[in-house]
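Peer 1: What follows is the file entry00.tsv, containing TSV, C-alpha atoms:
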```tsv
chain	number	residue	atom	x	y	z
A	1	MET	CA	-87.72	138.33	80.67
A	2	LEU	CA	-89.22	141.42	79.08
A	3	ASN	CA	-86.30	143.71	79.88
A	4	ASN	CA	-86.07	146.65	77.43
A	5	LYS	CA	-89.02	145.43	75.42
A	6	VAL	CA	-91.34	148.19	74.21
A	7	VAL	CA	-94.96	147.63	75.20
A	8	ILE	CA	-98.09	149.58	74.23
A	9	ILE	CA	-100.98	149.22	76.69
A	10	THR	CA	-104.43	150.60	75.89
A	11	GLY	CA	-106.92	151.23	78.64
A	12	ALA	CA	-103.89	151.91	80.83
A	13	ALA	CA	-105.56	154.29	83.28
A	14	ASN	CA	-107.66	151.73	85.14
A	15	GLY	CA	-108.42	148.09	85.81
A	16	ILE	CA	-106.34	145.41	84.17
A	17	GLY	CA	-104.67	147.92	81.83
A	18	LYS	CA	-103.28	149.80	84.82
A	19	GLU	CA	-102.11	146.53	86.40
A	20	ALA	CA	-100.38	145.70	83.10
A	21	VAL	CA	-98.39	148.94	83.32
A	22	LYS	CA	-97.09	147.82	86.71
A	23	GLY	CA	-96.42	144.27	85.54
A	24	PHE	CA	-94.50	145.21	82.41
A	25	ALA	CA	-92.58	148.06	84.08
A	26	ASN	CA	-91.49	145.69	86.87
A	27	GLN	CA	-89.98	143.41	84.24
A	28	GLY	CA	-87.91	146.26	82.84
A	29	ALA	CA	-90.05	147.01	79.80
A	30	LYS	CA	-90.56	150.48	78.35
A	31	VAL	CA	-94.27	151.22	78.45
A	32	ALA	CA	-96.50	153.47	76.33
A	33	LEU	CA	-99.74	154.15	78.20
A	34	ILE	CA	-102.84	154.86	76.15
A	35	ASP	CA	-106.16	156.07	77.56
A	36	LEU	CA	-108.58	158.97	77.08
A	37	ASP	CA	-107.46	161.19	79.95
A	38	MET	CA	-103.91	162.58	80.37
A	39	ALA	CA	-104.43	163.38	84.04
A	40	ALA	CA	-105.40	159.79	84.75
A	41	LEU	CA	-102.30	158.55	82.88
A	42	GLU	CA	-100.06	160.92	84.87
A	43	LYS	CA	-101.55	159.53	88.06
A	44	VAL	CA	-100.66	155.97	86.99
A	45	ALA	CA	-97.10	156.98	86.11
A	46	GLN	CA	-96.71	158.63	89.51
A	47	GLU	CA	-98.31	155.80	91.43
A	48	PHE	CA	-95.91	153.25	89.93
A	49	ASN	CA	-92.93	155.59	90.05
A	50	LEU	CA	-92.17	155.02	86.38
A	51	GLN	CA	-88.64	156.07	85.47
A	52	LYS	CA	-88.15	158.97	83.08
A	53	GLY	CA	-87.17	157.77	79.63
A	54	ASN	CA	-88.86	154.43	80.21
A	55	TYR	CA	-92.44	155.47	79.65
A	56	LEU	CA	-94.66	157.52	77.37
A	57	LEU	CA	-98.11	158.93	78.15
A	58	LEU	CA	-100.30	159.12	75.05
A	59	PRO	CA	-103.87	160.24	75.56
A	60	ALA	CA	-105.93	158.96	72.66
A	61	ASP	CA	-109.42	157.90	71.69
A	62	VAL	CA	-109.10	154.35	70.35
A	63	THR	CA	-112.34	154.78	68.36
A	64	ILE	CA	-110.68	157.35	66.06
A	65	GLU	CA	-108.37	155.69	63.56
A	66	GLU	CA	-106.04	158.69	63.13
A	67	GLN	CA	-105.46	158.77	66.88
A	68	VAL	CA	-104.61	155.07	66.88
A	69	GLU	CA	-102.19	155.62	64.01
A	70	GLN	CA	-100.64	158.44	66.02
A	71	TYR	CA	-100.13	156.50	69.24
A	72	VAL	CA	-98.40	153.77	67.23
A	73	GLN	CA	-96.21	156.26	65.38
A	74	LYS	CA	-95.28	158.22	68.53
A	75	THR	CA	-94.29	155.01	70.30
A	76	LYS	CA	-92.12	153.99	67.38
A	77	ASP	CA	-90.57	157.47	67.10
A	78	THR	CA	-89.71	157.49	70.82
A	79	PHE	CA	-88.56	153.92	71.38
A	80	GLY	CA	-87.70	152.72	67.86
A	81	LYS	CA	-89.77	149.55	67.90
A	82	ILE	CA	-92.88	147.87	69.32
A	83	ASP	CA	-92.39	144.43	70.85
A	84	VAL	CA	-95.69	143.90	72.66
A	85	PHE	CA	-99.19	145.31	72.22
A	86	PHE	CA	-101.72	144.80	75.00
A	87	ASN	CA	-104.84	145.71	73.02
A	88	ASN	CA	-107.02	145.98	76.06
A	89	ALA	CA	-109.24	149.10	76.15
A	90	GLY	CA	-112.88	148.12	76.49
A	91	VAL	CA	-116.25	149.19	77.84
A	92	GLU	CA	-119.05	147.12	79.35
A	93	GLY	CA	-122.13	148.89	77.96
A	94	VAL	CA	-125.33	148.62	79.98
A	95	ILE	CA	-127.14	145.70	81.60
A	96	SER	CA	-130.30	145.25	79.60
A	97	LEU	CA	-132.39	142.72	77.75
A	98	ILE	CA	-131.63	142.86	74.05
A	99	THR	CA	-135.19	144.09	73.40
A	100	GLU	CA	-134.52	147.24	75.46
A	101	TYR	CA	-130.85	147.73	74.63
A	102	PRO	CA	-130.20	151.42	73.89
A	103	ALA	CA	-128.68	152.26	70.51
A	104	LYS	CA	-126.18	154.66	72.08
A	105	ALA	CA	-124.72	151.96	74.33
A	106	LEU	CA	-124.53	149.57	71.38
A	107	ASP	CA	-122.65	152.17	69.33
A	108	SER	CA	-120.20	152.77	72.16
A	109	ILE	CA	-119.48	149.04	72.48
A	110	VAL	CA	-119.03	148.60	68.74
A	111	ASN	CA	-116.75	151.64	68.57
A	112	VAL	CA	-114.50	150.86	71.53
A	113	ASN	CA	-114.54	147.07	71.78
A	114	ILE	CA	-114.59	146.20	68.08
A	115	LYS	CA	-113.30	149.17	66.09
A	116	GLY	CA	-110.79	150.21	68.78
A	117	ILE	CA	-109.32	146.68	68.85
A	118	PHE	CA	-109.45	146.49	65.04
A	119	TYR	CA	-107.65	149.82	64.45
A	120	GLY	CA	-105.04	148.85	67.03
A	121	LEU	CA	-104.37	145.55	65.24
A	122	LYS	CA	-104.32	147.24	61.84
A	123	HIS	CA	-101.69	149.83	62.73
A	124	VAL	CA	-99.52	147.87	65.14
A	125	LEU	CA	-99.40	144.87	62.80
A	126	ARG	CA	-98.10	147.08	59.97
A	127	LEU	CA	-95.09	147.85	62.11
A	128	MET	CA	-94.65	144.36	63.57
A	129	ALA	CA	-94.85	142.79	60.10
A	130	GLU	CA	-91.96	145.04	58.96
A	131	GLN	CA	-90.00	144.15	62.09
A	132	LYS	CA	-90.86	140.49	61.59
A	133	SER	CA	-91.42	140.24	65.32
A	134	GLY	CA	-93.98	141.08	67.96
A	135	SER	CA	-96.59	139.72	70.34
A	136	ILE	CA	-100.13	141.01	70.57
A	137	ILE	CA	-102.59	140.16	73.31
A	138	ASN	CA	-106.23	141.18	72.80
A	139	THR	CA	-108.54	141.35	75.81
A	140	SER	CA	-111.66	139.33	75.11
A	141	SER	CA	-113.69	137.88	78.01
A	142	ILE	CA	-115.58	134.80	79.14
A	143	GLY	CA	-118.36	136.77	77.46
A	144	GLY	CA	-116.52	135.96	74.22
A	145	LEU	CA	-116.92	132.24	74.89
A	146	ARG	CA	-120.36	131.99	76.48
A	147	GLY	CA	-123.62	133.92	76.41
A	148	MET	CA	-124.51	135.91	79.50
A	149	PRO	CA	-128.03	137.32	79.86
A	150	CYS	CA	-128.40	141.10	79.58
A	151	THR	CA	-124.94	141.67	78.12
A	152	SER	CA	-125.69	140.97	74.46
A	153	ALA	CA	-123.73	143.82	72.88
A	154	TYR	CA	-120.76	143.23	75.19
A	155	CYS	CA	-120.69	139.50	74.41
A	156	ALA	CA	-121.06	140.16	70.68
A	157	SER	CA	-118.02	142.44	70.84
A	158	LYS	CA	-115.97	139.96	72.87
A	159	TYR	CA	-116.79	137.12	70.45
A	160	ALA	CA	-115.75	139.52	67.66
A	161	ILE	CA	-112.38	140.06	69.32
A	162	ILE	CA	-111.72	136.31	69.15
A	163	GLY	CA	-112.51	136.30	65.44
A	164	LEU	CA	-110.18	139.26	64.89
A	165	THR	CA	-107.47	137.52	66.92
A	166	LYS	CA	-107.58	134.36	64.82
A	167	CYS	CA	-107.63	136.18	61.47
A	168	ALA	CA	-104.77	138.47	62.43
A	169	ALA	CA	-102.79	135.50	63.76
A	170	LEU	CA	-103.23	133.55	60.52
A	171	GLU	CA	-102.32	136.53	58.33
A	172	PHE	CA	-99.00	137.08	60.06
A	173	ALA	CA	-98.08	133.64	61.42
A	174	GLY	CA	-95.23	133.27	58.96
A	175	SER	CA	-93.84	136.72	59.84
A	176	GLY	CA	-92.68	136.15	63.40
A	177	VAL	CA	-95.70	137.94	64.87
A	178	ARG	CA	-98.05	136.23	67.33
A	179	VAL	CA	-101.61	137.33	68.13
A	180	ASN	CA	-103.56	135.79	71.00
A	181	ALA	CA	-106.58	136.57	73.17
A	182	ILE	CA	-107.21	136.31	76.89
A	183	CYS	CA	-110.66	135.65	78.29
A	184	PRO	CA	-110.80	136.86	81.88
A	185	ALA	CA	-113.68	135.95	84.12
A	186	MET	CA	-115.00	138.65	86.45
A	187	VAL	CA	-112.13	140.82	87.65
A	188	ASN	CA	-112.33	142.90	90.81
A	189	THR	CA	-112.44	146.34	89.11
A	190	ARG	CA	-114.71	149.28	88.38
A	191	MET	CA	-116.15	147.45	85.37
A	192	MET	CA	-117.60	144.75	87.58
A	193	ARG	CA	-118.92	147.34	90.05
A	194	SER	CA	-120.82	148.86	87.13
A	195	ILE	CA	-122.15	145.48	85.98
A	196	GLU	CA	-123.15	144.46	89.51
A	197	ALA	CA	-125.04	147.74	90.00
A	198	GLY	CA	-126.70	147.26	86.60
A	199	MET	CA	-127.81	143.76	87.58
A	200	ASN	CA	-129.13	144.72	91.01
A	201	SER	CA	-129.29	148.44	91.72
A	202	ASP	CA	-130.76	147.85	95.22
A	203	ASP	CA	-128.15	145.32	96.24
A	204	PRO	CA	-125.07	145.15	94.00
A	205	ASP	CA	-123.30	142.93	96.55
A	206	ALA	CA	-125.97	140.29	95.97
A	207	ALA	CA	-125.14	140.45	92.25
A	208	LYS	CA	-121.46	140.09	93.13
A	209	ASP	CA	-122.23	136.98	95.18
A	210	GLN	CA	-124.23	135.50	92.31
A	211	TYR	CA	-121.39	136.09	89.87
A	212	THR	CA	-118.86	134.72	92.34
A	213	ASN	CA	-120.88	131.51	92.60
A	214	MET	CA	-120.38	130.98	88.88
A	215	ILE	CA	-116.61	130.71	89.37
A	216	PRO	CA	-115.39	127.29	90.55
A	217	VAL	CA	-112.42	128.67	92.47
A	218	GLY	CA	-114.90	130.72	94.46
A	219	ARG	CA	-113.62	134.27	93.92
A	220	TYR	CA	-113.28	136.98	91.32
A	221	ALA	CA	-109.89	137.39	89.65
A	222	GLU	CA	-107.62	140.15	90.89
A	223	PRO	CA	-106.04	142.21	88.10
A	224	ASP	CA	-102.68	140.56	88.80
A	225	ASP	CA	-104.16	137.09	88.09
A	226	ILE	CA	-104.90	138.28	84.56
A	227	ILE	CA	-101.66	140.14	84.01
A	228	GLN	CA	-99.50	137.07	84.75
A	229	SER	CA	-101.04	135.39	81.69
A	230	VAL	CA	-100.55	138.52	79.59
A	231	LEU	CA	-96.87	138.67	80.59
A	232	PHE	CA	-96.47	135.02	79.68
A	233	LEU	CA	-98.11	135.41	76.24
A	234	ALA	CA	-95.99	138.52	75.63
A	235	SER	CA	-92.77	136.60	76.27
A	236	GLU	CA	-90.68	134.28	74.11
A	237	LYS	CA	-91.80	131.40	76.32
A	238	ALA	CA	-95.05	131.48	74.34
A	239	SER	CA	-93.23	131.33	71.00
A	240	PHE	CA	-95.40	128.52	69.58
A	241	ILE	CA	-98.69	130.05	70.76
A	242	THR	CA	-100.57	132.06	68.17
A	243	GLY	CA	-104.24	132.36	67.26
A	244	ALA	CA	-105.00	130.96	70.71
A	245	VAL	CA	-107.60	131.90	73.27
A	246	LEU	CA	-106.61	131.59	76.93
A	247	ALA	CA	-109.39	131.52	79.51
A	248	VAL	CA	-108.16	132.99	82.80
A	249	ASP	CA	-111.40	132.31	84.58
A	250	GLY	CA	-111.01	130.17	87.70
A	251	GLY	CA	-112.70	127.28	85.89
A	252	LEU	CA	-115.85	129.12	84.80
A	253	THR	CA	-115.79	127.98	81.15
A	254	ALA	CA	-114.51	124.51	82.00
B	1	MET	CA	-105.79	121.11	86.35
B	2	ASN	CA	-105.42	122.23	82.73
B	3	ALA	CA	-104.72	120.78	79.30
B	4	ILE	CA	-102.35	121.84	76.58
B	5	ALA	CA	-103.12	121.01	72.97
B	6	PRO	CA	-99.77	120.90	71.17
B	7	GLY	CA	-99.39	121.01	67.41
B	8	TYR	CA	-96.81	118.79	65.76
B	9	ILE	CA	-93.59	118.88	67.76
B	10	TRP	CA	-90.10	117.81	66.69
B	11	THR	CA	-89.51	114.67	68.72
B	12	PRO	CA	-88.13	111.20	68.03
B	13	LEU	CA	-91.72	110.09	67.23
B	14	LEU	CA	-91.32	111.83	63.87
B	15	LEU	CA	-88.02	110.19	62.89
B	16	ASN	CA	-89.66	107.22	61.14
B	17	VAL	CA	-92.08	109.33	59.09
B	18	ASN	CA	-91.32	110.03	55.40
B	19	ALA	CA	-89.82	113.45	54.66
B	20	ASP	CA	-92.60	114.43	52.27
B	21	LYS	CA	-95.28	113.63	54.86
B	22	VAL	CA	-93.34	115.65	57.43
B	23	LYS	CA	-93.22	118.63	55.04
B	24	ALA	CA	-96.95	118.32	54.34
B	25	ALA	CA	-97.69	118.34	58.06
B	26	GLU	CA	-95.35	121.31	58.62
B	27	ASN	CA	-97.29	123.25	56.00
B	28	LEU	CA	-100.48	122.77	57.98
B	29	HIS	CA	-99.09	125.06	60.68
B	30	PRO	CA	-99.59	128.75	59.84
B	31	ILE	CA	-96.31	129.52	61.60
B	32	GLY	CA	-94.64	127.30	58.95
B	33	ARG	CA	-92.84	124.81	61.16
B	34	PHE	CA	-93.27	122.25	63.88
B	35	GLY	CA	-92.88	123.25	67.49
B	36	LYS	CA	-89.80	122.49	69.55
B	37	PRO	CA	-90.08	120.47	72.77
B	38	GLU	CA	-89.02	123.48	74.84
B	39	GLU	CA	-91.91	125.45	73.39
B	40	ILE	CA	-94.26	122.97	75.01
B	41	ALA	CA	-92.18	122.72	78.18
B	42	ASN	CA	-92.33	126.50	78.66
B	43	VAL	CA	-96.13	126.45	78.63
B	44	VAL	CA	-96.31	123.46	80.98
B	45	SER	CA	-93.91	125.22	83.31
B	46	PHE	CA	-96.08	128.35	83.29
B	47	LEU	CA	-99.32	126.45	83.90
B	48	ALA	CA	-97.70	124.58	86.80
B	49	SER	CA	-96.60	127.83	88.42
B	50	ASP	CA	-98.34	130.19	90.85
B	51	GLU	CA	-98.54	132.77	88.06
B	52	ALA	CA	-101.27	130.60	86.50
B	53	SER	CA	-103.28	130.15	89.70
B	54	PHE	CA	-106.50	131.51	88.18
B	55	ILE	CA	-106.29	129.24	85.12
B	56	VAL	CA	-108.40	126.17	85.92
B	57	GLY	CA	-109.87	123.56	83.58
B	58	ALA	CA	-108.57	125.44	80.54
B	59	THR	CA	-107.25	124.08	77.26
B	60	ILE	CA	-104.53	126.12	75.68
B	61	SER	CA	-103.53	125.51	72.08
B	62	VAL	CA	-99.79	125.53	71.59
B	63	ASP	CA	-99.86	124.90	67.88
B	64	GLY	CA	-98.47	127.74	65.77
B	65	GLY	CA	-101.98	128.70	64.67
B	66	TYR	CA	-103.07	125.20	63.52
B	67	THR	CA	-106.49	125.36	65.20
B	68	ALA	CA	-107.08	129.06	64.53
B	69	GLN	CA	-107.96	128.07	60.95
```
Before anything else, please render the file you have as structure tokens.
Peer 2:
Amino acid sequence: MLNNKVVIITGAANGIGKEAVKGFANQGAKVALIDLDMAALEKVAQEFNLQKGNYLLLPADVTIEEQVEQYVQKTKDTFGKIDVFFNNAGVEGVISLITEYPAKALDSIVNVNIKGIFYGLKHVLRLMAEQKSGSIINTSSIGGLRGMPCTSAYCASKYAIIGLTKCAALEFAGSGVRVNAICPAMVNTRMMRSIEAGMNSDDPDAAKDQYTNMIPVGRYAEPDDIIQSVLFLASEKASFITGAVLAVDGGLTA
Amino acid sequence: MNAIAPGYIWTPLLLNVNADKVKAAENLHPIGRFGKPEEIANVVSFLASDEASFIVGATISVDGGYTAQ
């Protein structure tokens, strides 16, 4: 379905970004992996036995616009086009009441989750608009649909991603480019371990149980649960879906 | 159990509607056209599959950007 498509994945070293590398590569796509650390990217390429010529490792800081411009340009120079952009890199910040929320954590969230997503859209869309084709999936969250105590900056950023998604979708709807957002519920990754420990440092498992109870299907998502929806939105089967928000959340926001 | 929210789709339901009204409705879709039946079928097929097993109680807009506005 996605054979020979060129896919950029940010946050590719861990979590759902890493699972996306596997998912897209298995469908025959050429993948450009973006994350901060080259060693971590090499590990992913090795782990999934990516074939030479079919992947590109591009360490970059998504908060620095020139570096975003570069990862887009290098992907285009190597593979000639960009068909799919999984605009996924994100951080969770700290668990804290808004009244105590540290400025440094707020800055980090604004820089990675809002500006990083924004710069990615800005530079990838320039190319996709010229091509008159492309599919972009932004990673928002259930935190972009509902408030969750002690995650104010994170939720603000995930709501922002939905706004960016809709604006970008409307700007380029007539140009053959689609822009959508996914809203995962809690996924079984390092990010949730960090949030669970932030919620209950003495007993993070108790926090995990509490979060699990919020999900009607009774379990966290596995990264693959999320990636199946990303693969679908990336494909031509989703050709009439743009500006949409897909909750992949086991019923949590229902 | 999920819902899809289609935009206007080219089906026989539209055959008795005046051409100018059809054009006006088409223009309401940012993508610039109505959807085709297969574009809805593809989403239904996905939601019915195991690949969508973690999507529960969701509503997905399949509307060429109509409700993004």
Peer 1: Output as a PyMOL selection string the set of chain B residues within 10 Å of chain A, with distances taken over all atoms listed in the file.
Peer 2: chain B and resi 1-2+6-7+9+29-36+38-43+45-47+50-69
Peer 1: Counting only C-alpha atoms, which residues sit no farther than 7 Å from the position (-92.9, 140.9, 78.8) in the file's frame? I'd like them as a list in words.
Peer 2: Met1, Leu2, Lys5, Phe24, Gln27, Ala29, Leu231, Phe232, Ala234 and Ser235 of chain A
Peer 1: Can you write out the residues you just picked, keeping C-alpha atoms, as an mmCIF file, in the frame of the given file?
Peer 2:
```cif
data_model
loop_
_atom_site.group_PDB
_atom_site.id
_atom_site.type_symbol
_atom_site.label_atom_id
_atom_site.label_comp_id
_atom_site.auth_asym_id
_atom_site.auth_seq_id
_atom_site.Cartn_x
_atom_site.Cartn_y
_atom_site.Cartn_z
ATOM 1 C CA MET A 1 -87.720 138.330 80.670
ATOM 2 C CA LEU A 2 -89.220 141.420 79.080
ATOM 3 C CA LYS A 5 -89.020 145.430 75.420
ATOM 4 C CA PHE A 24 -94.500 145.210 82.410
ATOM 5 C CA GLN A 27 -89.980 143.410 84.240
ATOM 6 C CA ALA A 29 -90.050 147.010 79.800
ATOM 7 C CA LEU A 231 -96.870 138.670 80.590
ATOM 8 C CA PHE A 232 -96.470 135.020 79.680
ATOM 9 C CA ALA A 234 -95.990 138.520 75.630
ATOM 10 C CA SER A 235 -92.770 136.600 76.270
#
```
Peer 1: Could you give me, as a PyMOL selection string, the residues that sit within 6 Å of (-90.1, 152.2, 79.5) in the file's coordinates, counting only C-alpha atoms?
Peer 2: chain A and resi 29-31+54-55
Peer 1: In Å, how far is it from CA of Gln210 in chain A to CA of Glu19 in chain A?
Peer 2: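 Calculated distance between CA of Gln210 in chain A and CA of Glu19 in chain A is 25.4 Å.
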Peer 1: One decimal, in Å: what's the spacing between CA of Lys122 in chain A and CA of Ser108 in chain A?
Peer 2: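 CA of Ser108 in chain A lies 19.7 Å from CA of Lys122 in chain A.
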Peer 1: Between A:Met186, A:Leu121, A:Leu145, A:Ile98, which is the closest to Thr10 in chain A once you count all atoms listed in the file?
Peer 2: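 Smallest separation from Thr10 in chain A among the options: A:Leu121.
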Peer 1: Find the residue from A:Pro149, A:Gly198, A:Gly11, A:Gly23 that sits nearest to Val112 in chain A; use all atoms listed in the file when measuring.
Peer 2: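 Of A:Pro149, A:Gly198, A:Gly11, A:Gly23, the one nearest Val112 in chain A, counting all atoms listed in the file, is A:Gly11.
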Peer 1: Name all residues at most 10 Å from Val124 in chain A (count all atoms listed in the file; drop same-chain ones fewer than 5 positions away) and give them as a ChimeraX atom specification.
Peer 2: /A:8,68-69,71-73,76,82-85,87,119,129,134,136
Peer 1: Write the residues of the selection above to a file with C-alpha atoms, as a short mmCIF file (atom, residue, chain, number, x, y, z; two decimals), keeping the file's coordinate frame.
Peer 2:
```
data_model
loop_
_atom_site.label_atom_id
_atom_site.label_comp_id
_atom_site.auth_asym_id
_atom_site.auth_seq_id
_atom_site.Cartn_x
_atom_site.Cartn_y
_atom_site.Cartn_z
CA ILE A 8 -98.09 149.58 74.23
CA VAL A 68 -104.61 155.07 66.88
CA GLU A 69 -102.19 155.62 64.01
CA TYR A 71 -100.13 156.50 69.24
CA VAL A 72 -98.40 153.77 67.23
CA GLN A 73 -96.21 156.26 65.38
CA LYS A 76 -92.12 153.99 67.38
CA ILE A 82 -92.88 147.87 69.32
CA ASP A 83 -92.39 144.43 70.85
CA VAL A 84 -95.69 143.90 72.66
CA PHE A 85 -99.19 145.31 72.22
CA ASN A 87 -104.84 145.71 73.02
CA TYR A 119 -107.65 149.82 64.45
CA ALA A 129 -94.85 142.79 60.10
CA GLY A 134 -93.98 141.08 67.96
CA ILE A 136 -100.13 141.01 70.57
#
```
Peer 1: What does the distance between CA of Met192 in chain A and CA of Gln46 in chain A come to in Å, to one decimal place?
Peer 2: 25.2 Å
Peer 1: Any idea what's packed within 8 Å of Glu92 in chain A, counting all atoms listed in the file, ignoring anything in its chain fewer than 6 positions away? Could you give it as a PyMOL selection string?
Peer 2: chain A and resi 109+154+191+195
Peer 1: Using all atoms listed in the file, which protein or nucleic acid residues come within 12 Å of Gly90 in chain A? Drop anything in the same chain fewer than 3 positions from it, and give the result as an MDAnalysis selection string.
Peer 2: chainID A and resid 9:17 35:36 61:63 86:87 93 108:117 138:141 154:155 157:158 161 191
